[in-house]
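Trainee: Here it is, the structure, as structure tokens.
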Amino acid sequence: MALLIKNGEVVTATERRKADILCEGETITRIGPNLSAPPGSEIVDAAGKYVFPGFIDPHVHIHLPFMGTLAKDNYTTASRAALVGGTTTLIEMICPSRADDPWQAYEFWKANAAGKSACDYTFHMGVTRFDDATADVLHRVVDDGTASFKIFLAYKGAFGIDDAELYQTLELAKRLGVIVTAHCENAEVVARLQKQLLAEGKTGPEWHEPSRPTTVEAEGVHHLATFAALTGAHTYVVHTSCDDALREAAAAQARGVKMWVETVAPYLVLDRSYAERPDFEGAKYVMSPPLRVLPNQTAVWNALASGLISTVATDHAPFDFAGQKEMGRSDFTKIPNGIPSVEDRVHLLYTHGVAKKRIDLHRFVDAASTQAAQIFGLYPRKGTVAVGSDADLVVFDPAYRGKISAKTQEMNVDYSAFEGWPIEGRSELVTVRGRVQVRDGKFAGTTDHGQILRRTPTHG
Ligand code: URP
Ligand code: ZN
Ligand code: ZN
């Protein structure tokens with residue numbers, strides 16, 4: 001059945017105009033004024049609403065065995081949550097442990113999603129060790145349509161790689177033409193600072209940030225930039241939290257290093273004081289890199305407005321407060337790191353960015369959709385509203401007023417980091433390849449509609 005979205009204001013990263021959109025099958029077939037619907041079409045009146053391209057979250061964790069536990073969402077819960085928040089494509093990090101066989105891990109992560117996702121998805125392949133077999137496996141992974149890698153300079157002894165492995169990964173990525181996404185924190189320094197703080201009896205969640213100061217993150221970005229310059233690889237710094245790290249990224253770009261920068265929704269709206277909340281409440285706000293003191297939030301917004309930051313992701317990593325965050329009650333280094341937000345990203349960015357005039361509508365669409373599509377080889381299939389693109393659309397009501405609450409969320413986790421926060425605007429109707437998956441802000445679709453997206457290398 002065709003779908004005609006009438007009378008909306010279509011907003012992309014570069015354009016804004018009143019137009020109707022006709023979707024036939026899985027694609028957008030016409031855009032223009034006064035379009036007529038083929039017989040039997042569904043007609044949606046979007047008068048007074050924006051029509052955005054489906055949003056893309058380029059950094060989520062769904063299957064995540066981490067810090068002695070497992071993140072709470074599965075593909076069904078995470079993709080439903082993504083969709084009610086306006087996100088129609090997820091890029092999940094495949095995170096094998098160093099001991100895992102990487103090809104088996106790749107197949108496991110793919111099988112974990114197959115037939116269970118309500119939205120489209122693809123992966124970044126985690127490289128958590130580099131040995132004689134790695135190059136062959138990564139060739140196969142890229143041939144299979146997963147054209148980006150993920151590395152951790154943090155998490156010593158878990159996902160972290162050493163410098164020899166970093167060099168080899170970037171060298172191979174350069175040869176294959178794939179981009180390498182990287183968690184940048186100096187793992188050795190973090191380990192030392194954690195030990196030192198614990199020895200001083202500093203065990204609460206408020207000590208998480210001092211164990212990973214901004215300079216440690218900045219050093220990670222500088223380190224990656226040095227290796228990127230030497231190998232010529234294209235790099236993407238995930239979850240950038242602070243001014244020090246942003247300065248290193250800007251300096252690297254100025255030297256000609258190919259480096260893109262991501263921030264995540266929590267850094268735009270939360271600060272270190274949340275992790276300092278009493279009665280262990282701060283554990284809800286423990287993630288890495290940590291929430292920073294407030295001036296960094298301004299620096300992150302400014303970098304987003306200027307375009308130094310390309311994308312806003314979530315780093316969605318849901319761990320229950322009861323039972324999971326609890327594991328670190330007497331030792332902050334054992335609190336599972338992560339803040340759930342795949343459902344909230346777009347609405348927080350609109351409320352705190354567009355409505356507060358920190359960014360305009362085009363930068364909003366660009367940072368939450370178009371840039372991710374362009375950087376990760378999905379454009380123009382995804383990330384824009386154009387004839388021939390997938391009919392992934394968000395009819396967004398800017399007049400909606402509501403509140404975030406764990407009681408009403410789709411995410412399978414027992415708290416919201418944004419409990420009771422007011423929201424301006426909402427993703428009212430959301431389509432994935434022409435099928436309506438969200439109506440009136442509620443999931444109304446099928447949980448097996450999502451497809452894996454095969455990508456070819458675009459960073460040669
Ligand atoms: O705290 C975080 N970021 N948890 C998820 C794992 C990661 O570092 O991306
Ligand atoms: Zn990370
Ligand atoms: Zn992550």
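Chains: A, B, ... in order of the structure tokens. Residues: from 1 per chain. Ligands: from 1, in order shown.
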Can you list every residue of chain A that has an atom at most 7 Å from ligand 1, with its nearest atom pair and the distance in Å to one decimal, using only C-alpha atoms and all ligand atoms, ordered by chain then number, as CSV?

Mentor:
```
residue,atom,partner,partner_atom_place_in_ligand_line,distance
A:His61,CA,ligand 1,5 (C),6.9
A:His183,CA,ligand 1,8 (O),6.4
A:Val286,CA,ligand 1,1 (O),6.7
A:Met287,CA,ligand 1,1 (O),3.3
A:Ser288,CA,ligand 1,1 (O),3.9
A:Pro289,CA,ligand 1,3 (N),6.4
A:Asp315,CA,ligand 1,9 (O),5.7
A:Ala317,CA,ligand 1,5 (C),5.3
A:Asn337,CA,ligand 1,1 (O),3.8
A:Gly338,CA,ligand 1,1 (O),3.7
A:Ile339,CA,ligand 1,1 (O),6.8
```

Trainee: How about saving the chosen residues, all heavy atoms kept, as a PDB file, in the first residue's frame?

Mentor:
```
ATOM      1  N   HIS A  61      24.781   0.109  22.015  1.00  0.00           N
ATOM      2  CA  HIS A  61      25.106  -1.247  22.481  1.00  0.00           C
ATOM      3  C   HIS A  61      23.789  -1.939  22.786  1.00  0.00           C
ATOM      4  O   HIS A  61      22.962  -1.403  23.526  1.00  0.00           O
ATOM      5  CB  HIS A  61      25.964  -1.191  23.745  1.00  0.00           C
ATOM      6  CG  HIS A  61      27.264  -0.477  23.543  1.00  0.00           C
ATOM      7  ND1 HIS A  61      28.392  -1.107  23.082  1.00  0.00           N
ATOM      8  CD2 HIS A  61      27.592   0.826  23.707  1.00  0.00           C
ATOM      9  CE1 HIS A  61      29.382  -0.226  22.987  1.00  0.00           C
ATOM     10  NE2 HIS A  61      28.918   0.961  23.355  1.00  0.00           N
ATOM     11  N   HIS A 183      37.058   4.593  20.996  1.00  0.00           N
ATOM     12  CA  HIS A 183      36.867   5.077  22.361  1.00  0.00           C
ATOM     13  C   HIS A 183      38.231   5.536  22.847  1.00  0.00           C
ATOM     14  O   HIS A 183      39.149   4.719  23.003  1.00  0.00           O
ATOM     15  CB  HIS A 183      36.311   3.950  23.240  1.00  0.00           C
ATOM     16  CG  HIS A 183      36.148   4.313  24.681  1.00  0.00           C
ATOM     17  ND1 HIS A 183      35.037   3.944  25.413  1.00  0.00           N
ATOM     18  CD2 HIS A 183      36.940   5.007  25.551  1.00  0.00           C
ATOM     19  CE1 HIS A 183      35.160   4.393  26.658  1.00  0.00           C
ATOM     20  NE2 HIS A 183      36.324   5.036  26.770  1.00  0.00           N
ATOM     21  N   VAL A 286      26.865   6.946  35.782  1.00  0.00           N
ATOM     22  CA  VAL A 286      28.257   6.538  35.519  1.00  0.00           C
ATOM     23  C   VAL A 286      28.351   5.988  34.105  1.00  0.00           C
ATOM     24  O   VAL A 286      27.716   4.990  33.752  1.00  0.00           O
ATOM     25  CB  VAL A 286      28.716   5.489  36.561  1.00  0.00           C
ATOM     26  CG1 VAL A 286      30.007   4.811  36.108  1.00  0.00           C
ATOM     27  CG2 VAL A 286      28.923   6.165  37.919  1.00  0.00           C
ATOM     28  N   MET A 287      29.113   6.688  33.288  1.00  0.00           N
ATOM     29  CA  MET A 287      29.450   6.202  31.953  1.00  0.00           C
ATOM     30  C   MET A 287      30.873   6.671  31.658  1.00  0.00           C
ATOM     31  O   MET A 287      31.426   7.501  32.382  1.00  0.00           O
ATOM     32  CB  MET A 287      28.488   6.744  30.893  1.00  0.00           C
ATOM     33  CG  MET A 287      28.588   8.236  30.648  1.00  0.00           C
ATOM     34  SD  MET A 287      27.530   8.827  29.289  1.00  0.00           S
ATOM     35  CE  MET A 287      28.331   8.086  27.865  1.00  0.00           C
ATOM     36  N   SER A 288      31.464   6.142  30.582  1.00  0.00           N
ATOM     37  CA  SER A 288      32.832   6.522  30.218  1.00  0.00           C
ATOM     38  C   SER A 288      32.906   6.955  28.773  1.00  0.00           C
ATOM     39  O   SER A 288      32.345   6.260  27.916  1.00  0.00           O
ATOM     40  CB  SER A 288      33.789   5.355  30.442  1.00  0.00           C
ATOM     41  OG  SER A 288      33.847   5.066  31.812  1.00  0.00           O
ATOM     42  N   PRO A 289      33.624   8.066  28.472  1.00  0.00           N
ATOM     43  CA  PRO A 289      34.155   9.019  29.435  1.00  0.00           C
ATOM     44  C   PRO A 289      33.035   9.565  30.340  1.00  0.00           C
ATOM     45  O   PRO A 289      31.873   9.526  29.954  1.00  0.00           O
ATOM     46  CB  PRO A 289      34.740  10.127  28.553  1.00  0.00           C
ATOM     47  CG  PRO A 289      34.969   9.476  27.215  1.00  0.00           C
ATOM     48  CD  PRO A 289      33.929   8.430  27.084  1.00  0.00           C
ATOM     49  N   ASP A 315      25.416   6.150  22.576  1.00  0.00           N
ATOM     50  CA  ASP A 315      26.171   5.187  23.367  1.00  0.00           C
ATOM     51  C   ASP A 315      25.218   4.455  24.323  1.00  0.00           C
ATOM     52  O   ASP A 315      25.583   4.154  25.459  1.00  0.00           O
ATOM     53  CB  ASP A 315      27.301   5.870  24.142  1.00  0.00           C
ATOM     54  CG  ASP A 315      28.303   4.877  24.697  1.00  0.00           C
ATOM     55  OD1 ASP A 315      28.298   3.714  24.248  1.00  0.00           O
ATOM     56  OD2 ASP A 315      29.082   5.270  25.587  1.00  0.00           O
ATOM     57  N   ALA A 317      23.583   2.139  26.564  1.00  0.00           N
ATOM     58  CA  ALA A 317      24.120   0.966  27.267  1.00  0.00           C
ATOM     59  C   ALA A 317      23.340   0.832  28.571  1.00  0.00           C
ATOM     60  O   ALA A 317      23.707   1.409  29.591  1.00  0.00           O
ATOM     61  CB  ALA A 317      25.622   1.137  27.538  1.00  0.00           C
ATOM     62  N   ASN A 337      29.294   0.591  33.310  1.00  0.00           N
ATOM     63  CA  ASN A 337      29.294   1.918  32.676  1.00  0.00           C
ATOM     64  C   ASN A 337      28.191   1.998  31.627  1.00  0.00           C
ATOM     65  O   ASN A 337      28.100   1.128  30.753  1.00  0.00           O
ATOM     66  CB  ASN A 337      30.625   2.154  31.962  1.00  0.00           C
ATOM     67  CG  ASN A 337      31.793   2.417  32.903  1.00  0.00           C
ATOM     68  OD1 ASN A 337      32.811   2.930  32.481  1.00  0.00           O
ATOM     69  ND2 ASN A 337      31.668   2.071  34.174  1.00  0.00           N
ATOM     70  N   GLY A 338      27.415   3.060  31.671  1.00  0.00           N
ATOM     71  CA  GLY A 338      26.449   3.271  30.600  1.00  0.00           C
ATOM     72  C   GLY A 338      25.219   4.019  31.061  1.00  0.00           C
ATOM     73  O   GLY A 338      24.799   3.886  32.215  1.00  0.00           O
ATOM     74  N   ILE A 339      24.659   4.810  30.138  1.00  0.00           N
ATOM     75  CA  ILE A 339      23.409   5.541  30.393  1.00  0.00           C
ATOM     76  C   ILE A 339      22.452   5.215  29.238  1.00  0.00           C
ATOM     77  O   ILE A 339      22.793   5.440  28.080  1.00  0.00           O
ATOM     78  CB  ILE A 339      23.654   7.063  30.487  1.00  0.00           C
ATOM     79  CG1 ILE A 339      24.584   7.382  31.667  1.00  0.00           C
ATOM     80  CG2 ILE A 339      22.329   7.821  30.624  1.00  0.00           C
ATOM     81  CD1 ILE A 339      24.885   8.863  31.860  1.00  0.00           C
TER      82      ILE A 339
END
```

Trainee: Report as a ChimeraX atom specification which protein, DNA and RNA residues come within 12 Å of ligand 3, using only C-alpha atoms and all ligand atoms.

Mentor: /A:57-64,66,71,91-95,124,126,150-152,154-155,159,181-184,237-240,262-264,287-289,313-318,337-342

Trainee: Which polymer residues have any atom within 6 Å of an atom of Thr235 (chain A), counting only C-alpha atoms, with same-chain residues fewer than 6 positions away left out, as a ChimeraX atom specification?

Mentor: /A:179-181,259

Trainee: For the selection you just gave me, I'd like the residues written to a file as a PDB file, in the first residue's frame, keeping all heavy atoms.

Mentor:
```
ATOM      1  N   ILE A 179      36.399   3.165   7.841  1.00  0.00           N
ATOM      2  CA  ILE A 179      36.655   4.118   8.922  1.00  0.00           C
ATOM      3  C   ILE A 179      36.745   3.364  10.259  1.00  0.00           C
ATOM      4  O   ILE A 179      36.067   2.336  10.446  1.00  0.00           O
ATOM      5  CB  ILE A 179      35.555   5.202   8.942  1.00  0.00           C
ATOM      6  CG1 ILE A 179      35.937   6.351   9.882  1.00  0.00           C
ATOM      7  CG2 ILE A 179      34.194   4.632   9.276  1.00  0.00           C
ATOM      8  CD1 ILE A 179      35.104   7.614   9.668  1.00  0.00           C
ATOM      9  N   VAL A 180      37.596   3.871  11.157  1.00  0.00           N
ATOM     10  CA  VAL A 180      37.771   3.233  12.470  1.00  0.00           C
ATOM     11  C   VAL A 180      37.199   4.143  13.548  1.00  0.00           C
ATOM     12  O   VAL A 180      37.666   5.275  13.723  1.00  0.00           O
ATOM     13  CB  VAL A 180      39.255   2.947  12.759  1.00  0.00           C
ATOM     14  CG1 VAL A 180      39.427   2.309  14.136  1.00  0.00           C
ATOM     15  CG2 VAL A 180      39.844   2.041  11.680  1.00  0.00           C
ATOM     16  N   THR A 181      36.179   3.675  14.242  1.00  0.00           N
ATOM     17  CA  THR A 181      35.609   4.437  15.357  1.00  0.00           C
ATOM     18  C   THR A 181      36.384   4.059  16.627  1.00  0.00           C
ATOM     19  O   THR A 181      36.794   2.903  16.785  1.00  0.00           O
ATOM     20  CB  THR A 181      34.106   4.148  15.525  1.00  0.00           C
ATOM     21  OG1 THR A 181      33.926   2.822  16.052  1.00  0.00           O
ATOM     22  CG2 THR A 181      33.369   4.253  14.191  1.00  0.00           C
ATOM     23  N   MET A 259      39.728  12.877  10.769  1.00  0.00           N
ATOM     24  CA  MET A 259      39.119  12.555  12.061  1.00  0.00           C
ATOM     25  C   MET A 259      37.746  13.214  12.149  1.00  0.00           C
ATOM     26  O   MET A 259      37.632  14.426  11.987  1.00  0.00           O
ATOM     27  CB  MET A 259      40.034  13.048  13.183  1.00  0.00           C
ATOM     28  CG  MET A 259      39.487  12.807  14.574  1.00  0.00           C
ATOM     29  SD  MET A 259      40.709  13.246  15.837  1.00  0.00           S
ATOM     30  CE  MET A 259      41.590  11.705  16.022  1.00  0.00           C
TER      31      MET A 259
END
```

Trainee: What lies within 8 Å of His222 (chain A) using only C-alpha atoms, ignoring chain neighbours under 2 positions off, as a VMD selection string?

Mentor: chain A and resid 218 to 220 224 to 226 248 to 249 252

Trainee: Generate the output file for the selected residues, N, CA and C atoms, as a short mmCIF file (atom, residue, chain, number, x, y, z; two decimals), in the first residue's frame.

Mentor:
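Listing of selection.cif after writing:
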```
data_model
loop_
_atom_site.label_atom_id
_atom_site.label_comp_id
_atom_site.auth_asym_id
_atom_site.auth_seq_id
_atom_site.Cartn_x
_atom_site.Cartn_y
_atom_site.Cartn_z
N ALA A 218 41.66 13.55 26.41
CA ALA A 218 42.38 14.33 25.40
C ALA A 218 43.62 13.57 24.92
N GLU A 219 44.31 12.92 25.85
CA GLU A 219 45.49 12.14 25.47
C GLU A 219 45.09 11.01 24.53
N GLY A 220 43.94 10.39 24.80
CA GLY A 220 43.45 9.32 23.92
C GLY A 220 43.20 9.83 22.51
N LEU A 224 45.29 8.66 19.18
CA LEU A 224 44.64 8.15 17.96
C LEU A 224 45.06 8.99 16.75
N ALA A 225 45.09 10.31 16.93
CA ALA A 225 45.43 11.21 15.82
C ALA A 225 46.85 10.94 15.32
N THR A 226 47.78 10.66 16.25
CA THR A 226 49.16 10.37 15.86
C THR A 226 49.21 9.13 14.98
N GLU A 248 41.92 18.74 20.98
CA GLU A 248 42.85 17.80 20.32
C GLU A 248 42.31 17.38 18.95
N ALA A 249 41.01 17.16 18.88
CA ALA A 249 40.41 16.75 17.60
C ALA A 249 40.51 17.88 16.58
N ALA A 252 44.02 18.13 15.37
CA ALA A 252 44.34 17.04 14.44
C ALA A 252 43.75 17.34 13.06
#
```

Trainee: As a list in words, please: the residues near Arg175 (chain A) (cut-off 9 Å, only C-alpha atoms, same-chain neighbours under 4 positions excluded).

Mentor: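 Near Arg175 (chain A), the qualifying residues are Leu170, Glu171, Ala233 and Gly460 of chain A.
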
Trainee: List as JSON, numbers by chain the protein and nucleic acid residues near Asp320 (chain A), meaning an atom at most 7 Å away when only C-alpha atoms are counted, but skip any in the same chain fewer than 5 places from it.

Mentor: {"A": [325, 413, 414, 415]}

Trainee: Nearest to Ser79 (chain A) among A:Lys116, A:Lys49, A:Arg345, A:Arg30, with distances taken over only C-alpha atoms: which residue is it?

Mentor: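 Of A:Lys116, A:Lys49, A:Arg345, A:Arg30, the one nearest Ser79 (chain A) is A:Lys116, counting only C-alpha atoms.
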
Trainee: May I have all residues of region 2-157 of chain A that DSSP, computed from the backbone, assigns to helix (DSSP H, G or I), given as a ChimeraX atom specification?

Mentor: /A:75-84,102-113,134-143

Trainee: Need the shell around region 128-145 of chain A: protein/DNA/RNA residues with any atom at most 8 Å away, counting only C-alpha atoms. Skip same-chain ones fewer than 2 positions apart. Format as number ranges by chain?

Mentor: A: 95-98, 102-103, 106, 125-126, 147-148, 151-152, 159-161, 165, 168-169, 172, 176, 453-457

Trainee: Using only C-alpha atoms, can you tell me which of A:Ala367, A:Val216, A:Ala164, A:Val10 comes closest to Val189 (chain A)?

Mentor: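 Of A:Ala367, A:Val216, A:Ala164, A:Val10, the one nearest Val189 (chain A) is A:Val216, counting only C-alpha atoms.
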
Trainee: So which bits of region 404-434 of chain A end up strand (DSSP E or B) when you DSSP the backbone, as a PDB file with N, CA, C and O atoms, in the first residue's frame?

Mentor:
```
ATOM      1  N   PRO A 422      10.810  17.669  31.135  1.00  0.00           N
ATOM      2  CA  PRO A 422       9.862  18.053  30.076  1.00  0.00           C
ATOM      3  C   PRO A 422      10.465  17.949  28.681  1.00  0.00           C
ATOM      4  O   PRO A 422      11.666  18.155  28.502  1.00  0.00           O
ATOM      5  N   ILE A 423       9.620  17.604  27.735  1.00  0.00           N
ATOM      6  CA  ILE A 423      10.042  17.447  26.333  1.00  0.00           C
ATOM      7  C   ILE A 423       9.182  18.352  25.458  1.00  0.00           C
ATOM      8  O   ILE A 423       7.968  18.409  25.619  1.00  0.00           O
ATOM      9  N   GLU A 424       9.829  19.055  24.562  1.00  0.00           N
ATOM     10  CA  GLU A 424       9.102  19.886  23.587  1.00  0.00           C
ATOM     11  C   GLU A 424       9.204  19.199  22.233  1.00  0.00           C
ATOM     12  O   GLU A 424      10.301  18.984  21.728  1.00  0.00           O
ATOM     13  N   GLY A 425       8.061  18.849  21.668  1.00  0.00           N
ATOM     14  CA  GLY A 425       8.062  18.190  20.360  1.00  0.00           C
ATOM     15  C   GLY A 425       8.175  16.681  20.515  1.00  0.00           C
ATOM     16  O   GLY A 425       8.705  16.188  21.516  1.00  0.00           O
ATOM     17  N   ARG A 426       7.612  15.972  19.510  1.00  0.00           N
ATOM     18  CA  ARG A 426       7.624  14.504  19.594  1.00  0.00           C
ATOM     19  C   ARG A 426       7.569  13.893  18.200  1.00  0.00           C
ATOM     20  O   ARG A 426       6.959  14.452  17.287  1.00  0.00           O
ATOM     21  N   SER A 427       8.204  12.758  18.059  1.00  0.00           N
ATOM     22  CA  SER A 427       8.098  11.971  16.828  1.00  0.00           C
ATOM     23  C   SER A 427       6.737  11.287  16.859  1.00  0.00           C
ATOM     24  O   SER A 427       6.530  10.331  17.601  1.00  0.00           O
ATOM     25  N   GLU A 428       5.809  11.833  16.069  1.00  0.00           N
ATOM     26  CA  GLU A 428       4.415  11.390  16.200  1.00  0.00           C
ATOM     27  C   GLU A 428       4.134  10.159  15.340  1.00  0.00           C
ATOM     28  O   GLU A 428       3.507   9.200  15.783  1.00  0.00           O
ATOM     29  N   LEU A 429       4.623  10.221  14.096  1.00  0.00           N
ATOM     30  CA  LEU A 429       4.437   9.079  13.188  1.00  0.00           C
ATOM     31  C   LEU A 429       5.794   8.784  12.555  1.00  0.00           C
ATOM     32  O   LEU A 429       6.488   9.696  12.119  1.00  0.00           O
ATOM     33  N   VAL A 430       6.174   7.509  12.575  1.00  0.00           N
ATOM     34  CA  VAL A 430       7.510   7.133  12.086  1.00  0.00           C
ATOM     35  C   VAL A 430       7.361   5.965  11.119  1.00  0.00           C
ATOM     36  O   VAL A 430       6.676   4.978  11.430  1.00  0.00           O
ATOM     37  N   THR A 431       8.017   6.087   9.962  1.00  0.00           N
ATOM     38  CA  THR A 431       7.977   4.992   8.992  1.00  0.00           C
ATOM     39  C   THR A 431       9.380   4.417   8.787  1.00  0.00           C
ATOM     40  O   THR A 431      10.381   5.130   8.892  1.00  0.00           O
ATOM     41  N   VAL A 432       9.402   3.127   8.510  1.00  0.00           N
ATOM     42  CA  VAL A 432      10.653   2.458   8.116  1.00  0.00           C
ATOM     43  C   VAL A 432      10.388   1.770   6.782  1.00  0.00           C
ATOM     44  O   VAL A 432       9.519   0.901   6.687  1.00  0.00           O
TER      45      VAL A 432
END
```

Trainee: Point out the residue among A:Ile5, A:Val438, A:Gly201, A:His459 with the least atom-to-atom distance to Thr29 (chain A), counting only C-alpha atoms.

Mentor: A:Ile5

Trainee: Given the choices A:Leu294, A:Val300, A:Ile452, A:Val84, which gets closest to Thr408 (chain A) if the distance is worked out from only C-alpha atoms?

Mentor: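 Closest candidate: A:Val84.
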
Trainee: Name the closest residue to Ala78 (chain A) among the candidates A:Ile31, A:Gly40, A:Cys119, A:Ala105; distances are taken between atoms, counting only C-alpha atoms.

Mentor: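 Closest residue, counting only C-alpha atoms: A:Cys119.
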
Trainee: To one decimal place in Å, what is the distance between CA of Gln409 (chain A) and CA of Leu291 (chain A)?

Mentor: 22.8 Å

Trainee: Distance CA of Phe443 (chain A)-CA of Arg80 (chain A), one decimal place?

Mentor: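 Distance reported for this atom pair: 6.5 Å.
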